[in-house]
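Asks: To be precise about what I am sending: the file is called entry_33.txt and holds compact mmCIF, C-alpha atoms.
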# COMPACT_ATOMS: atom_id res chain seq x y z
CA MET A 1 105.11 100.09 128.20
CA THR A 2 102.39 101.46 125.99
CA THR A 3 102.27 101.45 122.20
CA TYR A 4 101.30 104.87 120.88
CA VAL A 5 100.29 105.83 117.37
CA ILE A 6 101.73 109.29 116.90
CA THR A 7 100.73 111.51 113.98
CA VAL A 8 103.41 113.98 112.93
CA PRO A 9 102.42 116.61 110.34
CA GLY A 10 104.85 118.38 108.08
CA THR A 11 105.29 120.24 104.82
CA PHE A 12 107.61 119.48 101.94
CA LEU A 13 108.96 122.86 100.85
CA ARG A 14 110.65 121.38 97.80
CA ASP A 15 109.42 118.83 95.30
CA VAL A 16 109.14 115.26 96.46
CA ASP A 17 108.64 112.60 93.81
CA ASP A 18 106.95 109.21 94.11
CA ALA A 19 110.30 107.44 94.49
CA ALA A 20 111.25 109.60 97.49
CA ARG A 21 107.82 109.03 99.08
CA SER A 22 108.21 105.29 98.61
CA LYS A 23 111.69 105.33 100.16
CA LEU A 24 110.40 107.32 103.12
CA ALA A 25 107.53 104.87 103.65
CA ARG A 26 109.94 101.91 103.48
CA ARG A 27 112.26 103.51 106.06
CA LEU A 28 109.34 104.03 108.43
CA ALA A 29 107.55 100.72 107.75
CA SER A 30 108.86 99.03 110.90
CA HIS A 31 106.94 101.64 112.91
CA HIS A 32 103.62 100.81 111.25
CA THR A 33 102.49 97.43 112.52
CA ASP A 34 99.50 95.60 114.00
CA LEU A 35 97.85 98.49 115.84
CA SER A 36 98.00 100.83 112.83
CA GLU A 37 96.89 98.12 110.44
CA ALA A 38 94.01 97.08 112.70
CA GLU A 39 92.85 100.69 112.83
CA ASP A 40 93.31 101.01 109.03
CA VAL A 41 95.70 103.92 109.49
CA GLU A 42 97.97 104.87 106.59
CA LEU A 43 101.66 105.30 107.35
CA LEU A 44 102.23 108.33 105.13
CA THR A 45 99.74 110.67 103.50
CA VAL A 46 100.91 113.46 101.18
CA HIS A 47 98.46 116.14 100.11
CA GLU A 48 98.49 118.75 97.38
CA GLY A 49 100.65 121.68 98.33
CA GLY A 50 103.23 119.42 99.95
CA THR A 51 101.63 118.94 103.35
CA PHE A 52 101.93 115.46 104.79
CA SER A 53 101.20 113.35 107.85
CA ALA A 54 103.16 110.37 109.09
CA ARG A 55 101.62 107.97 111.59
CA LEU A 56 104.17 106.00 113.57
CA GLU A 57 103.85 103.40 116.30
CA VAL A 58 106.22 103.95 119.19
CA GLU A 59 106.59 102.04 122.44
CA ALA A 60 107.20 104.40 125.31
CA PRO A 61 106.49 104.82 129.02
CA ASP A 62 104.55 108.06 128.46
CA ARG A 63 103.03 110.34 125.84
CA ALA A 64 105.80 112.95 125.78
CA THR A 65 108.49 110.31 125.22
CA ALA A 66 106.42 108.71 122.45
CA GLU A 67 105.91 112.04 120.69
CA ASP A 68 109.61 112.91 120.93
CA GLU A 69 110.60 109.50 119.56
CA ALA A 70 108.18 109.74 116.62
CA VAL A 71 109.52 113.16 115.66
CA ARG A 72 113.10 111.88 115.97
CA LEU A 73 112.36 108.86 113.78
CA LEU A 74 110.62 110.89 111.09
CA ALA A 75 113.24 113.66 111.07
CA GLY A 76 116.00 111.07 110.80
CA ALA A 77 114.31 109.28 107.89
CA LEU A 78 113.75 112.57 106.08
CA GLU A 79 117.37 113.59 106.62
CA GLU A 80 118.59 110.25 105.23
CA LEU A 81 116.64 111.07 102.06
CA GLY A 82 118.23 114.53 101.80
CA PHE A 83 115.43 116.60 103.33
CA SER A 84 116.76 119.01 105.94
CA GLU A 85 114.54 120.56 108.60
CA LYS A 86 114.25 123.60 106.30
CA ASP A 87 113.15 121.39 103.37
CA ALA A 88 110.49 119.53 105.36
CA PRO A 89 109.59 121.26 108.63
CA LEU A 90 107.55 119.18 111.05
CA GLY A 91 104.58 120.32 113.08
CA PRO A 92 103.54 119.32 116.59
CA PRO A 93 102.96 115.60 117.07
CA ALA A 94 99.69 114.22 118.41
CA VAL A 95 98.67 110.89 119.91
CA THR A 96 96.07 109.34 117.61
CA GLY A 97 95.94 105.86 119.10
CA LEU A 98 97.26 103.75 121.95
CA GLU A 99 97.35 100.20 123.21
CA GLY A 100 98.86 98.71 126.32
CA GLU A 101 99.00 99.13 130.04
CA PHE A 102 97.68 102.35 131.50
Using structure tokens, write down the structure from this file.
Replies:
Amino acid sequence: MTTYVITVPGTFLRDVDDAARSKLARRLASHHTDLSEAEDVELLTVHEGGTFSARLEVEAPDRATAEDEAVRLLAGALEELGFSEKDAPLGPPAVTGLEGEF
């Protein structure tokens, strides 16, 4: 298995306050561990205008599976906080780091 750091972009189309951002980061924290911290990668970055990027570590046998899992994890966390796909659409994921057997 390989550990991938997957960056998933998105846009909040409704207001998101600091409390909601903190809750989202806490829900995703278990997917931001040694590799991300060693690379000094932030888990969640929110920009003006509501755009954001989440960087998640996922163990998977291949890139496509890792990307799919990262999107699933982020979408699920957003939904738990009351953000539907229409409220926070996600963009295409990208591998931004990896560690493991190749």
Asks: Could you tell me how far CA of Val16 (chain A) lies from CA of Gly50 (chain A), in Å and to one decimal?
Replies: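 We find that CA of Val16 (chain A) and CA of Gly50 (chain A) lie 8.0 Å from each other.
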Asks: List every residue of region 28-95 of chain A that has an atom at most 7 Å from any atom of region 2-6 of chain A, giving for each one its closest atom pair and the distance in Å to one decimal, counting only C-alpha atoms, sorted by chain and then by ascending residue number, as CSV.
Replies:
residue,atom,partner,partner_atom,distance
A:Arg55,CA,A:Ile6,CA,5.5
A:Leu56,CA,A:Ile6,CA,5.3
A:Glu57,CA,A:Val5,CA,4.4
A:Val58,CA,A:Tyr4,CA,5.3
A:Glu59,CA,A:Thr3,CA,4.4
A:Ala60,CA,A:Thr2,CA,5.7
A:Pro61,CA,A:Thr2,CA,6.1
A:Ala66,CA,A:Tyr4,CA,6.6
A:Glu67,CA,A:Ile6,CA,6.3
A:Ala70,CA,A:Ile6,CA,6.5
A:Pro93,CA,A:Ile6,CA,6.4
A:Ala94,CA,A:Ile6,CA,5.5
A:Val95,CA,A:Ile6,CA,4.6
Asks: Between A:Thr11, A:Leu44, A:Glu69, A:Met1, which residue has the minimum interatomic distance to Phe83 (chain A), considering only C-alpha atoms?
Replies: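 Smallest distance to Phe83 (chain A) is found for A:Thr11.
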Asks: Return the single residue from A:Ser30, A:Val46, A:Arg21, A:Phe12 that is closest to Glu85 (chain A), with distances computed using only C-alpha atoms.
Replies: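 Among the listed residues, the smallest separation from Glu85 (chain A) belongs to A:Phe12.
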Asks: Between A:Ala88, A:Leu73, A:Leu43, A:Leu78, which one has atoms that come closest to Arg14 (chain A), using only C-alpha atoms?
Replies: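 Nearest candidate to Arg14 (chain A) out of A:Ala88, A:Leu73, A:Leu43, A:Leu78: A:Ala88.
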Asks: How would region 49-72 of chain A look with N, CA, C and O atoms restored, written as a PDB file, in the frame of the given file?
Replies:
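Listed below is the output, part.pdb:
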ATOM      1  N   GLY A  49     100.018 120.583  97.619  1.00  0.00           N
ATOM      2  CA  GLY A  49     100.650 121.680  98.330  1.00  0.00           C
ATOM      3  C   GLY A  49     101.806 121.231  99.195  1.00  0.00           C
ATOM      4  O   GLY A  49     102.441 122.051  99.861  1.00  0.00           O
ATOM      5  N   GLY A  50     102.065 119.925  99.238  1.00  0.00           N
ATOM      6  CA  GLY A  50     103.230 119.420  99.950  1.00  0.00           C
ATOM      7  C   GLY A  50     103.024 119.093 101.415  1.00  0.00           C
ATOM      8  O   GLY A  50     103.954 118.639 102.081  1.00  0.00           O
ATOM      9  N   THR A  51     101.833 119.314 101.953  1.00  0.00           N
ATOM     10  CA  THR A  51     101.630 118.940 103.350  1.00  0.00           C
ATOM     11  C   THR A  51     101.541 117.423 103.461  1.00  0.00           C
ATOM     12  O   THR A  51     101.113 116.752 102.530  1.00  0.00           O
ATOM     13  N   PHE A  52     101.964 116.902 104.591  1.00  0.00           N
ATOM     14  CA  PHE A  52     101.930 115.460 104.790  1.00  0.00           C
ATOM     15  C   PHE A  52     101.715 115.133 106.254  1.00  0.00           C
ATOM     16  O   PHE A  52     101.868 115.981 107.130  1.00  0.00           O
ATOM     17  N   SER A  53     101.338 113.881 106.489  1.00  0.00           N
ATOM     18  CA  SER A  53     101.200 113.350 107.850  1.00  0.00           C
ATOM     19  C   SER A  53     101.811 111.963 107.863  1.00  0.00           C
ATOM     20  O   SER A  53     101.551 111.160 106.970  1.00  0.00           O
ATOM     21  N   ALA A  54     102.614 111.703 108.871  1.00  0.00           N
ATOM     22  CA  ALA A  54     103.160 110.370 109.090  1.00  0.00           C
ATOM     23  C   ALA A  54     102.584 109.850 110.396  1.00  0.00           C
ATOM     24  O   ALA A  54     102.489 110.596 111.373  1.00  0.00           O
ATOM     25  N   ARG A  55     102.180 108.587 110.397  1.00  0.00           N
ATOM     26  CA  ARG A  55     101.620 107.970 111.590  1.00  0.00           C
ATOM     27  C   ARG A  55     102.525 106.810 111.983  1.00  0.00           C
ATOM     28  O   ARG A  55     102.646 105.836 111.241  1.00  0.00           O
ATOM     29  N   LEU A  56     103.164 106.956 113.121  1.00  0.00           N
ATOM     30  CA  LEU A  56     104.170 106.000 113.570  1.00  0.00           C
ATOM     31  C   LEU A  56     103.770 105.372 114.892  1.00  0.00           C
ATOM     32  O   LEU A  56     103.268 106.068 115.784  1.00  0.00           O
ATOM     33  N   GLU A  57     104.035 104.072 115.020  1.00  0.00           N
ATOM     34  CA  GLU A  57     103.850 103.400 116.300  1.00  0.00           C
ATOM     35  C   GLU A  57     105.152 103.457 117.073  1.00  0.00           C
ATOM     36  O   GLU A  57     106.214 103.165 116.529  1.00  0.00           O
ATOM     37  N   VAL A  58     105.047 103.822 118.335  1.00  0.00           N
ATOM     38  CA  VAL A  58     106.220 103.950 119.190  1.00  0.00           C
ATOM     39  C   VAL A  58     105.875 103.358 120.554  1.00  0.00           C
ATOM     40  O   VAL A  58     104.825 103.669 121.122  1.00  0.00           O
ATOM     41  N   GLU A  59     106.759 102.518 121.069  1.00  0.00           N
ATOM     42  CA  GLU A  59     106.590 102.040 122.440  1.00  0.00           C
ATOM     43  C   GLU A  59     107.315 102.998 123.359  1.00  0.00           C
ATOM     44  O   GLU A  59     108.487 103.318 123.137  1.00  0.00           O
ATOM     45  N   ALA A  60     106.611 103.430 124.391  1.00  0.00           N
ATOM     46  CA  ALA A  60     107.200 104.400 125.310  1.00  0.00           C
ATOM     47  C   ALA A  60     106.475 104.338 126.654  1.00  0.00           C
ATOM     48  O   ALA A  60     105.329 103.890 126.724  1.00  0.00           O
ATOM     49  N   PRO A  61     107.129 104.827 127.707  1.00  0.00           N
ATOM     50  CA  PRO A  61     106.490 104.820 129.020  1.00  0.00           C
ATOM     51  C   PRO A  61     105.439 105.918 129.184  1.00  0.00           C
ATOM     52  O   PRO A  61     104.577 105.828 130.052  1.00  0.00           O
ATOM     53  N   ASP A  62     105.516 106.968 128.335  1.00  0.00           N
ATOM     54  CA  ASP A  62     104.550 108.060 128.460  1.00  0.00           C
ATOM     55  C   ASP A  62     104.392 108.789 127.123  1.00  0.00           C
ATOM     56  O   ASP A  62     105.158 108.586 126.184  1.00  0.00           O
ATOM     57  N   ARG A  63     103.387 109.623 127.074  1.00  0.00           N
ATOM     58  CA  ARG A  63     103.030 110.340 125.840  1.00  0.00           C
ATOM     59  C   ARG A  63     104.164 111.233 125.340  1.00  0.00           C
ATOM     60  O   ARG A  63     104.476 111.223 124.146  1.00  0.00           O
ATOM     61  N   ALA A  64     104.752 112.017 126.204  1.00  0.00           N
ATOM     62  CA  ALA A  64     105.800 112.950 125.780  1.00  0.00           C
ATOM     63  C   ALA A  64     106.982 112.211 125.158  1.00  0.00           C
ATOM     64  O   ALA A  64     107.508 112.631 124.118  1.00  0.00           O
ATOM     65  N   THR A  65     107.387 111.101 125.756  1.00  0.00           N
ATOM     66  CA  THR A  65     108.490 110.310 125.220  1.00  0.00           C
ATOM     67  C   THR A  65     108.117 109.740 123.864  1.00  0.00           C
ATOM     68  O   THR A  65     108.926 109.743 122.935  1.00  0.00           O
ATOM     69  N   ALA A  66     106.884 109.268 123.719  1.00  0.00           N
ATOM     70  CA  ALA A  66     106.420 108.710 122.450  1.00  0.00           C
ATOM     71  C   ALA A  66     106.416 109.780 121.358  1.00  0.00           C
ATOM     72  O   ALA A  66     106.858 109.532 120.233  1.00  0.00           O
ATOM     73  N   GLU A  67     105.931 110.956 121.678  1.00  0.00           N
ATOM     74  CA  GLU A  67     105.910 112.040 120.690  1.00  0.00           C
ATOM     75  C   GLU A  67     107.325 112.428 120.273  1.00  0.00           C
ATOM     76  O   GLU A  67     107.600 112.598 119.080  1.00  0.00           O
ATOM     77  N   ASP A  68     108.219 112.564 121.237  1.00  0.00           N
ATOM     78  CA  ASP A  68     109.610 112.910 120.930  1.00  0.00           C
ATOM     79  C   ASP A  68     110.266 111.859 120.045  1.00  0.00           C
ATOM     80  O   ASP A  68     110.978 112.188 119.099  1.00  0.00           O
ATOM     81  N   GLU A  69     110.005 110.591 120.331  1.00  0.00           N
ATOM     82  CA  GLU A  69     110.600 109.500 119.560  1.00  0.00           C
ATOM     83  C   GLU A  69     110.056 109.484 118.131  1.00  0.00           C
ATOM     84  O   GLU A  69     110.810 109.279 117.178  1.00  0.00           O
ATOM     85  N   ALA A  70     108.769 109.712 117.964  1.00  0.00           N
ATOM     86  CA  ALA A  70     108.180 109.740 116.620  1.00  0.00           C
ATOM     87  C   ALA A  70     108.774 110.867 115.787  1.00  0.00           C
ATOM     88  O   ALA A  70     109.115 110.667 114.622  1.00  0.00           O
ATOM     89  N   VAL A  71     108.927 112.025 116.371  1.00  0.00           N
ATOM     90  CA  VAL A  71     109.520 113.160 115.660  1.00  0.00           C
ATOM     91  C   VAL A  71     110.977 112.841 115.298  1.00  0.00           C
ATOM     92  O   VAL A  71     111.427 113.098 114.175  1.00  0.00           O
ATOM     93  N   ARG A  72     111.702 112.239 116.223  1.00  0.00           N
ATOM     94  CA  ARG A  72     113.100 111.880 115.970  1.00  0.00           C
ATOM     95  C   ARG A  72     113.207 110.884 114.827  1.00  0.00           C
ATOM     96  O   ARG A  72     114.023 111.030 113.922  1.00  0.00           O
TER      97      ARG A  72
END
